[in-house]
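**Student:** I'm passing along run.cif; it holds mmCIF, C-alpha atoms; chains and numbers go by the auth columns.
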data_protein
loop_
_atom_site.group_PDB
_atom_site.id
_atom_site.type_symbol
_atom_site.label_atom_id
_atom_site.label_comp_id
_atom_site.label_asym_id
_atom_site.label_seq_id
_atom_site.Cartn_x
_atom_site.Cartn_y
_atom_site.Cartn_z
_atom_site.B_iso_or_equiv
_atom_site.auth_seq_id
_atom_site.auth_asym_id
ATOM 1 C CA ASP A 1 -92.294 16.804 -142.230 0.00 8 U
ATOM 2 C CA ALA A 2 -92.493 19.238 -139.309 0.00 9 U
ATOM 3 C CA GLY A 3 -89.870 21.592 -140.761 0.00 10 U
ATOM 4 C CA ALA A 4 -91.769 21.903 -144.014 0.00 11 U
ATOM 5 C CA ARG A 5 -94.997 22.487 -142.071 0.00 12 U
ATOM 6 C CA ALA A 6 -93.381 25.304 -140.066 0.00 13 U
ATOM 7 C CA ALA A 7 -92.093 26.893 -143.286 0.00 14 U
ATOM 8 C CA ALA A 8 -95.508 26.599 -144.930 0.00 15 U
ATOM 9 C CA LEU A 9 -97.256 28.138 -141.913 0.00 16 U
ATOM 10 C CA ASN A 10 -94.718 30.977 -141.904 0.00 17 U
ATOM 11 C CA ASN A 11 -95.323 31.684 -145.591 0.00 18 U
ATOM 12 C CA LEU A 12 -99.083 31.461 -145.140 0.00 19 U
ATOM 13 C CA ALA A 13 -98.861 33.888 -142.212 0.00 20 U
ATOM 14 C CA LEU A 14 -96.882 36.365 -144.321 0.00 21 U
ATOM 15 C CA ALA A 15 -99.420 36.123 -147.147 0.00 22 U
ATOM 16 C CA THR A 16 -102.311 36.488 -144.698 0.00 23 U
ATOM 17 C CA ALA A 17 -100.732 39.560 -143.089 0.00 24 U
ATOM 18 C CA GLY A 18 -100.367 41.057 -146.556 0.00 25 U
ATOM 19 C CA GLU A 19 -104.127 40.767 -146.887 0.00 26 U
ATOM 20 C CA SER A 20 -104.593 42.822 -143.682 0.00 27 U
ATOM 21 C CA LYS A 21 -105.707 39.809 -141.643 0.00 28 U
ATOM 22 C CA LEU A 22 -103.206 40.291 -138.813 0.00 29 U
ATOM 23 C CA LYS A 23 -105.004 38.231 -136.153 0.00 30 U
ATOM 24 C CA ASP A 24 -105.049 35.179 -138.432 0.00 31 U
ATOM 25 C CA ALA A 25 -101.449 35.821 -139.457 0.00 32 U
ATOM 26 C CA LEU A 26 -100.325 36.050 -135.821 0.00 33 U
ATOM 27 C CA ARG A 27 -102.045 32.749 -135.018 0.00 34 U
ATOM 28 C CA LEU A 28 -100.377 31.008 -137.973 0.00 35 U
ATOM 29 C CA GLU A 29 -96.986 32.497 -137.128 0.00 36 U
ATOM 30 C CA GLY A 30 -97.388 31.352 -133.517 0.00 37 U
ATOM 31 C CA GLU A 31 -98.061 27.823 -134.734 0.00 38 U
ATOM 32 C CA ALA A 32 -94.969 27.938 -136.937 0.00 39 U
ATOM 33 C CA LEU A 33 -92.899 29.153 -133.978 0.00 40 U
ATOM 34 C CA GLU A 34 -94.101 26.301 -131.751 0.00 41 U
ATOM 35 C CA ILE A 35 -93.056 23.761 -134.364 0.00 42 U
ATOM 36 C CA SER A 36 -89.650 25.301 -135.054 0.00 43 U
ATOM 37 C CA GLU A 37 -88.873 25.592 -131.346 0.00 44 U
ATOM 38 C CA ALA A 38 -89.904 21.966 -130.790 0.00 45 U
ATOM 39 C CA LEU A 39 -87.489 20.995 -133.581 0.00 46 U
ATOM 40 C CA GLY A 40 -84.715 23.117 -132.042 0.00 47 U
ATOM 41 C CA ASP A 41 -84.354 25.058 -135.298 0.00 48 U
ATOM 42 C CA ARG A 42 -82.875 28.306 -133.983 0.00 49 U
ATOM 43 C CA HIS A 43 -82.451 29.873 -137.409 0.00 50 U
ATOM 44 C CA ARG A 44 -86.084 29.381 -138.402 0.00 51 U
ATOM 45 C CA SER A 45 -87.268 30.388 -134.920 0.00 52 U
ATOM 46 C CA ALA A 46 -85.272 33.609 -135.154 0.00 53 U
ATOM 47 C CA ALA A 47 -86.800 34.427 -138.527 0.00 54 U
ATOM 48 C CA ILE A 48 -90.294 33.730 -137.227 0.00 55 U
ATOM 49 C CA HIS A 49 -89.706 35.912 -134.154 0.00 56 U
ATOM 50 C CA SER A 50 -88.641 38.681 -136.528 0.00 57 U
ATOM 51 C CA ASN A 51 -91.807 38.241 -138.597 0.00 58 U
ATOM 52 C CA LEU A 52 -93.908 38.267 -135.430 0.00 59 U
ATOM 53 C CA ALA A 53 -92.219 41.503 -134.360 0.00 60 U
ATOM 54 C CA ASP A 54 -93.118 43.117 -137.680 0.00 61 U
ATOM 55 C CA MET A 55 -96.726 41.966 -137.451 0.00 62 U
ATOM 56 C CA LEU A 56 -97.124 43.043 -133.832 0.00 63 U
ATOM 57 C CA HIS A 57 -95.613 46.436 -134.646 0.00 64 U
ATOM 58 C CA GLU A 58 -98.129 46.827 -137.464 0.00 65 U
ATOM 59 C CA ASP A 59 -100.876 45.808 -135.028 0.00 66 U
ATOM 60 C CA GLY A 60 -99.713 48.483 -132.552 0.00 67 U
ATOM 61 C CA ASP A 61 -98.367 46.162 -129.834 0.00 68 U
ATOM 62 C CA GLU A 62 -94.937 47.752 -129.459 0.00 69 U
ATOM 63 C CA GLN A 63 -93.957 45.929 -126.260 0.00 70 U
ATOM 64 C CA ALA A 64 -94.619 42.464 -127.680 0.00 71 U
ATOM 65 C CA ALA A 65 -92.929 43.497 -130.940 0.00 72 U
ATOM 66 C CA ARG A 66 -89.765 44.506 -129.040 0.00 73 U
ATOM 67 C CA GLU A 67 -89.791 41.228 -127.098 0.00 74 U
ATOM 68 C CA HIS A 68 -89.925 39.162 -130.296 0.00 75 U
ATOM 69 C CA LEU A 69 -87.277 41.333 -131.960 0.00 76 U
ATOM 70 C CA THR A 70 -84.980 40.819 -128.961 0.00 77 U
ATOM 71 C CA LYS A 71 -85.525 37.044 -129.090 0.00 78 U
ATOM 72 C CA SER A 72 -84.864 37.072 -132.828 0.00 79 U
ATOM 73 C CA ALA A 73 -81.570 38.927 -132.447 0.00 80 U
ATOM 74 C CA ALA A 74 -80.416 36.626 -129.648 0.00 81 U
ATOM 75 C CA LEU A 75 -81.226 33.498 -131.653 0.00 82 U
ATOM 76 C CA PHE A 76 -79.570 34.801 -134.825 0.00 83 U
ATOM 77 C CA ALA A 77 -76.457 35.578 -132.765 0.00 84 U
ATOM 78 C CA GLU A 78 -76.340 31.946 -131.606 0.00 85 U
ATOM 79 C CA VAL A 79 -76.733 30.346 -135.035 0.00 86 U
ATOM 80 C CA GLY A 80 -73.578 28.517 -136.015 0.00 87 U
ATOM 81 C CA VAL A 81 -71.822 29.158 -132.703 0.00 88 U
ATOM 82 C CA ALA A 82 -70.968 26.304 -130.383 0.00 89 U
ATOM 83 C CA SER A 83 -70.930 27.832 -126.895 0.00 90 U
ATOM 84 C CA GLU A 84 -67.926 25.822 -125.668 0.00 91 U
ATOM 85 C CA SER A 85 -65.740 26.970 -128.570 0.00 92 U
ATOM 86 C CA TYR A 86 -66.873 30.593 -128.845 0.00 93 U
ATOM 87 C CA GLU A 87 -64.151 33.200 -128.725 0.00 94 U
ATOM 88 C CA PRO A 88 -64.951 36.903 -129.193 0.00 95 U
ATOM 89 C CA GLU A 89 -63.395 38.612 -132.150 0.00 96 U
ATOM 90 C CA ILE A 90 -60.971 41.402 -131.347 0.00 97 U
ATOM 91 C CA TRP A 91 -62.910 44.061 -133.251 0.00 98 U
ATOM 92 C CA LYS A 92 -65.881 43.450 -130.942 0.00 99 U
ATOM 93 C CA LEU A 93 -63.760 44.492 -127.942 0.00 100 U
ATOM 94 C CA ILE A 94 -62.990 47.998 -129.224 0.00 101 U
ATOM 95 C CA ASP A 95 -64.777 51.087 -127.902 0.00 102 U
ATOM 96 C CA TRP A 96 -66.394 52.917 -130.784 0.00 103 U
#
Could you spell out this file's structure in structure tokens?
**Tutor:**
Amino acid sequence: DAGARAAALNNLALATAGESKLKDALRLEGEALEISEALGDRHRSAAIHSNLADMLHEDGDEQAAREHLTKSAALFAEVGVASESYEPEIWKLIDW
């Protein structure tokens, strides 16, 4: 099951990063991302991008971290929204 494999790789990456093995964790997380994107699982892909951003930030690669964080936010914003039926909510149109 590809979805279960992506989840397992994500969890293994998080555990590996916790052991201060960031290069291995980044490789595992990249593998998980490839699988989730191939499956079209935007929710899991967004979560993995977020994890990658955290790991890259910890590794000192701020530019790559920002890129993954931006991708994560964009994907999370799309989850559960069908583009042809999307209508903005009125509170989002107000100047703060």
**Student:** The PyMOL selection byres ((chain U and resi 35) around 12) on the file shown: which residues, as a ChimeraX atom specification?
**Tutor:** /U:12-24,28-34,36-42,55,58-59,62
**Student:** Would you compute the distance between CA of Leu82 in chain U and CA of Gly67 in chain U? Give it in Å to one decimal.
**Tutor:** 23.8 Å
**Student:** Quick one: of U:Gly47, U:Glu26, U:Ser57, U:Ser52, who's nearest to His75 in chain U, counting only C-alpha atoms?
**Tutor:**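 Counting only C-alpha atoms, the residue closest to His75 in chain U is U:Ser57.
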**Student:** To one decimal in Å, tell me the separation between CA of Ala84 in chain U and CA of Gly10 in chain U.
**Tutor:**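 Computing the Euclidean distance for CA of Ala84 in chain U and CA of Gly10 in chain U yields 21.0 Å.
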**Student:** Quick check, in Å to one decimal: how far apart do CA of Asp61 in chain U and CA of Leu76 in chain U lie?
**Tutor:** 8.4 Å
**Student:** With distances taken over only C-alpha atoms, which of U:Ala81, U:Val86, U:Ala72, U:Ala9 is nearest to Ala45 in chain U?
**Tutor:**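 Among the listed residues, U:Ala9 lies closest to Ala45 in chain U.
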**Student:** Quick one: residues within 7 Å of Ser79 in chain U, only C-alpha atoms, excluding same-chain residues fewer than 5 positions away - as a PDB file with C-alpha atoms, in the coordinates of the input?
**Tutor:**
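The resulting file, selection-v2.pdb, is reproduced below:
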ATOM      1  CA  ALA U  53     -85.272  33.609-135.154  1.00  0.00           C
ATOM      2  CA  ALA U  54     -86.800  34.427-138.527  1.00  0.00           C
ATOM      3  CA  HIS U  56     -89.706  35.912-134.154  1.00  0.00           C
ATOM      4  CA  SER U  57     -88.641  38.681-136.528  1.00  0.00           C
TER       5      SER U  57
END
**Student:** Put a box with edges along x, y and z around all the listed atoms of range 66-72 of chain U, pad it by 6 Å on each side, then give me its centre and sizes in Å, one decimal, as AutoDock Vina command-line options.
**Tutor:**
--center_x -96.9 --center_y 45.5 --center_z -130.6 --size_x 19.9 --size_y 18.0 --size_z 20.8
**Student:** I need the residue nearest Phe83 in chain U from this list: U:Arg51, U:Ser43, U:Asp8, U:Leu63. Use only C-alpha atoms for the distance.
**Tutor:**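 Distance minimum relative to Phe83 in chain U lands on U:Arg51.
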**Student:** Could you add the missing atoms to range 13-24 of chain U, up to all heavy atoms, and return them as an mmCIF file, keeping the file's coordinate frame?
**Tutor:**
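Done, and the output landed in selection_30.cif:
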data_model
loop_
_atom_site.group_PDB
_atom_site.id
_atom_site.type_symbol
_atom_site.label_atom_id
_atom_site.label_comp_id
_atom_site.auth_asym_id
_atom_site.auth_seq_id
_atom_site.Cartn_x
_atom_site.Cartn_y
_atom_site.Cartn_z
ATOM 1 N N ALA U 13 -93.696 24.007 -140.670
ATOM 2 C CA ALA U 13 -93.381 25.304 -140.066
ATOM 3 C C ALA U 13 -93.118 26.347 -141.152
ATOM 4 O O ALA U 13 -93.588 27.485 -141.063
ATOM 5 C CB ALA U 13 -92.173 25.179 -139.138
ATOM 6 N N ALA U 14 -92.380 25.963 -142.183
ATOM 7 C CA ALA U 14 -92.093 26.893 -143.286
ATOM 8 C C ALA U 14 -93.374 27.288 -144.013
ATOM 9 O O ALA U 14 -93.576 28.461 -144.352
ATOM 10 C CB ALA U 14 -91.103 26.249 -144.260
ATOM 11 N N ALA U 15 -94.249 26.310 -144.244
ATOM 12 C CA ALA U 15 -95.508 26.599 -144.930
ATOM 13 C C ALA U 15 -96.389 27.522 -144.095
ATOM 14 O O ALA U 15 -96.996 28.470 -144.627
ATOM 15 C CB ALA U 15 -96.245 25.299 -145.242
ATOM 16 N N LEU U 16 -96.462 27.275 -142.785
ATOM 17 C CA LEU U 16 -97.256 28.138 -141.913
ATOM 18 C C LEU U 16 -96.691 29.557 -141.884
ATOM 19 O O LEU U 16 -97.437 30.537 -141.896
ATOM 20 C CB LEU U 16 -97.302 27.563 -140.491
ATOM 21 C CG LEU U 16 -98.190 26.344 -140.302
ATOM 22 C CD1 LEU U 16 -97.901 25.668 -138.963
ATOM 23 C CD2 LEU U 16 -99.657 26.740 -140.396
ATOM 24 N N ASN U 17 -95.364 29.668 -141.868
ATOM 25 C CA ASN U 17 -94.718 30.977 -141.904
ATOM 26 C C ASN U 17 -95.091 31.721 -143.184
ATOM 27 O O ASN U 17 -95.479 32.892 -143.147
ATOM 28 C CB ASN U 17 -93.203 30.815 -141.785
ATOM 29 C CG ASN U 17 -92.475 32.128 -141.876
ATOM 30 O OD1 ASN U 17 -92.764 33.059 -141.132
ATOM 31 N ND2 ASN U 17 -91.525 32.212 -142.793
ATOM 32 N N ASN U 18 -94.989 31.047 -144.309
ATOM 33 C CA ASN U 18 -95.323 31.684 -145.591
ATOM 34 C C ASN U 18 -96.801 32.044 -145.663
ATOM 35 O O ASN U 18 -97.161 33.120 -146.170
ATOM 36 C CB ASN U 18 -94.937 30.775 -146.760
ATOM 37 C CG ASN U 18 -93.440 30.679 -146.922
ATOM 38 O OD1 ASN U 18 -92.706 31.578 -146.525
ATOM 39 N ND2 ASN U 18 -92.976 29.591 -147.486
ATOM 40 N N LEU U 19 -97.651 31.179 -145.152
ATOM 41 C CA LEU U 19 -99.083 31.461 -145.140
ATOM 42 C C LEU U 19 -99.376 32.668 -144.241
ATOM 43 O O LEU U 19 -100.200 33.522 -144.587
ATOM 44 C CB LEU U 19 -99.861 30.231 -144.668
ATOM 45 C CG LEU U 19 -101.379 30.338 -144.681
ATOM 46 C CD1 LEU U 19 -101.907 30.692 -146.074
ATOM 47 C CD2 LEU U 19 -101.996 29.026 -144.195
ATOM 48 N N ALA U 20 -98.690 32.746 -143.114
ATOM 49 C CA ALA U 20 -98.861 33.888 -142.212
ATOM 50 C C ALA U 20 -98.457 35.187 -142.898
ATOM 51 O O ALA U 20 -99.146 36.198 -142.786
ATOM 52 C CB ALA U 20 -98.045 33.679 -140.937
ATOM 53 N N LEU U 21 -97.337 35.163 -143.613
ATOM 54 C CA LEU U 21 -96.882 36.365 -144.321
ATOM 55 C C LEU U 21 -97.885 36.785 -145.391
ATOM 56 O O LEU U 21 -98.180 37.978 -145.550
ATOM 57 C CB LEU U 21 -95.503 36.130 -144.930
ATOM 58 C CG LEU U 21 -94.363 35.946 -143.935
ATOM 59 C CD1 LEU U 21 -93.090 35.528 -144.654
ATOM 60 C CD2 LEU U 21 -94.146 37.221 -143.128
ATOM 61 N N ALA U 22 -98.424 35.812 -146.113
ATOM 62 C CA ALA U 22 -99.420 36.123 -147.147
ATOM 63 C C ALA U 22 -100.703 36.654 -146.512
ATOM 64 O O ALA U 22 -101.316 37.596 -147.019
ATOM 65 C CB ALA U 22 -99.715 34.884 -147.985
ATOM 66 N N THR U 23 -101.095 36.064 -145.393
ATOM 67 C CA THR U 23 -102.311 36.488 -144.698
ATOM 68 C C THR U 23 -102.151 37.897 -144.147
ATOM 69 O O THR U 23 -103.074 38.711 -144.234
ATOM 70 C CB THR U 23 -102.649 35.494 -143.562
ATOM 71 O OG1 THR U 23 -102.801 34.198 -144.136
ATOM 72 C CG2 THR U 23 -103.913 35.874 -142.847
ATOM 73 N N ALA U 24 -100.986 38.204 -143.605
ATOM 74 C CA ALA U 24 -100.732 39.560 -143.089
ATOM 75 C C ALA U 24 -100.788 40.574 -144.216
ATOM 76 O O ALA U 24 -101.258 41.693 -144.035
ATOM 77 C CB ALA U 24 -99.383 39.615 -142.382
#
